[in-house]
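Asker: Compact mmCIF, C-alpha atoms, saved as start.txt, coming up:
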# COMPACT_ATOMS: atom_id res chain seq x y z
CA MET A 1 -44.84 -45.07 2.77
CA THR A 2 -48.39 -43.78 2.74
CA THR A 3 -50.95 -43.06 5.40
CA ASP A 4 -54.73 -42.99 5.50
CA TYR A 5 -54.66 -39.18 5.50
CA PRO A 6 -54.32 -37.58 2.05
CA PHE A 7 -52.96 -34.29 3.42
CA VAL A 8 -50.16 -36.08 5.27
CA ASN A 9 -49.35 -38.03 2.11
CA ALA A 10 -49.17 -34.80 0.10
CA VAL A 11 -46.83 -33.21 2.63
CA ILE A 12 -44.58 -36.28 2.73
CA PHE A 13 -44.33 -36.53 -1.05
CA ALA A 14 -43.83 -32.77 -1.46
CA ALA A 15 -40.98 -32.80 1.06
CA LEU A 16 -39.44 -35.87 -0.54
CA GLY A 17 -39.75 -34.31 -4.02
CA ALA A 18 -38.13 -31.06 -2.85
CA LEU A 19 -35.30 -32.99 -1.21
CA VAL A 20 -34.63 -35.01 -4.36
CA PHE A 21 -34.85 -31.86 -6.51
CA PHE A 22 -32.31 -29.93 -4.44
CA ALA A 23 -29.98 -32.93 -4.26
CA CYS A 24 -30.06 -33.35 -8.04
CA PHE A 25 -29.67 -29.61 -8.59
CA GLY A 26 -26.60 -29.69 -6.33
CA ILE A 27 -25.14 -32.45 -8.48
CA ILE A 28 -25.83 -30.42 -11.62
CA ARG A 29 -24.12 -27.39 -10.02
CA LYS A 30 -21.02 -29.51 -9.38
CA MET A 31 -20.99 -30.73 -13.00
CA VAL A 32 -21.05 -27.20 -14.51
CA PRO A 33 -17.55 -25.80 -14.94
CA GLY A 34 -17.03 -22.54 -13.08
CA ASP A 35 -19.39 -20.83 -10.66
CA LEU A 36 -22.95 -21.17 -11.92
CA TRP A 37 -24.47 -18.37 -9.82
CA LYS A 38 -21.65 -15.94 -10.62
CA GLU A 39 -22.20 -16.48 -14.33
CA VAL A 40 -25.96 -16.01 -14.09
CA LEU A 41 -26.14 -13.14 -11.60
CA GLN A 42 -22.95 -11.11 -12.04
CA GLU A 43 -22.03 -11.82 -15.65
CA ARG A 44 -25.72 -11.82 -16.71
CA ASN A 45 -25.36 -14.91 -18.87
CA VAL A 46 -28.92 -15.20 -20.20
CA ALA A 47 -28.28 -18.41 -22.13
CA LEU A 48 -27.01 -20.16 -19.00
CA ALA A 49 -29.94 -18.82 -16.97
CA VAL A 50 -32.40 -20.22 -19.52
CA LEU A 51 -30.57 -23.55 -19.56
CA VAL A 52 -30.64 -23.79 -15.75
CA GLY A 53 -34.33 -22.88 -15.71
CA LEU A 54 -35.17 -25.51 -18.29
CA MET A 55 -33.14 -28.14 -16.44
CA SER A 56 -34.99 -27.24 -13.24
CA VAL A 57 -38.38 -27.60 -14.92
CA ALA A 58 -37.39 -30.90 -16.54
CA LEU A 59 -36.06 -32.26 -13.27
CA ALA A 60 -39.21 -31.20 -11.43
CA LEU A 61 -41.39 -32.89 -14.07
CA ILE A 62 -39.41 -36.12 -13.81
CA ILE A 63 -39.70 -36.13 -10.02
CA ALA A 64 -43.43 -35.34 -10.18
CA ALA A 65 -44.01 -38.14 -12.69
CA THR A 66 -42.16 -40.71 -10.62
CA MET A 67 -44.02 -39.78 -7.43
CA HIS A 68 -47.41 -39.75 -9.07
With the file now loaded, output its structure as structure tokens.
Answerer:
Amino acid sequence: MTTDYPFVNAVIFAALGALVFFACFGIIRKMVPGDLWKEVLQERNVALAVLVGLMSVALALIIAATMH
């Protein structure tokens, strides 16, 4: 689904990429045992925070590569 207007295409693909990213991140949150945000924010689990950050970057790169 593309249009003749590059700006509209960019907005469409950015919205679609964000939607896919948040859907996949929600799935990852369900797969992690326990409460992910409680561990990162209240328990200050740095290793888990780094892991979640790296998974987010990897997921964003995969989505960007497939939409390019």
Asker: Between CA of Ala64 (chain A) and CA of Thr2 (chain A), what is the spacing in Å?
Answerer: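 Value for the CA of Thr2 (chain A)-CA of Ala64 (chain A) distance: 16.2 Å.
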Asker: Calculate how many Å separate CA of Ala58 (chain A) from CA of Phe21 (chain A), rounding to one decimal.
Answerer: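 Computing it gives 10.4 Å between the two atoms.
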Asker: Smallest atom-to-atom distance to Leu48 (chain A): which of A:Ala10, A:Ile62, A:Ala23, A:Val32, using only C-alpha atoms?
Answerer: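 Of the candidates, the smallest distance to Leu48 (chain A) is held by A:Val32.
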Asker: Would you mind telling me which residue in A:Ala47, A:Ile27, A:Met67, A:Val57 lies nearest to Ile12 (chain A) when using all atoms listed in the file?
Answerer: A:Met67
Asker: Please work out which residues fall within 12 Å of (-31.1, -19.4, -15.8), coordinates as given in the file, with only C-alpha atoms counting, and return them as JSON, numbers by chain.
Answerer: {"A": [36, 37, 38, 39, 40, 41, 43, 44, 45, 46, 47, 48, 49, 50, 51, 52, 53, 54, 55, 56, 57]}
Asker: Mind checking which residues fall within 12 Å of Thr66 (chain A), counting only C-alpha atoms, ignoring those fewer than 2 positions away in the same chain, and posting them as a tab-separated table (two decimals) with C-alpha atoms, in the coordinates of the input?
Answerer:
chain	number	residue	atom	x	y	z
A	13	PHE	CA	-44.33	-36.53	-1.05
A	16	LEU	CA	-39.44	-35.87	-0.54
A	17	GLY	CA	-39.75	-34.31	-4.02
A	20	VAL	CA	-34.63	-35.01	-4.36
A	59	LEU	CA	-36.06	-32.26	-13.27
A	60	ALA	CA	-39.21	-31.20	-11.43
A	61	LEU	CA	-41.39	-32.89	-14.07
A	62	ILE	CA	-39.41	-36.12	-13.81
A	63	ILE	CA	-39.70	-36.13	-10.02
A	64	ALA	CA	-43.43	-35.34	-10.18
A	68	HIS	CA	-47.41	-39.75	-9.07
Asker: What is the distance, in Å and to one decimal place, between CA of Lys30 (chain A) and CA of Ala65 (chain A)?
Answerer: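 Separation between CA of Lys30 (chain A) and CA of Ala65 (chain A): 24.8 Å.
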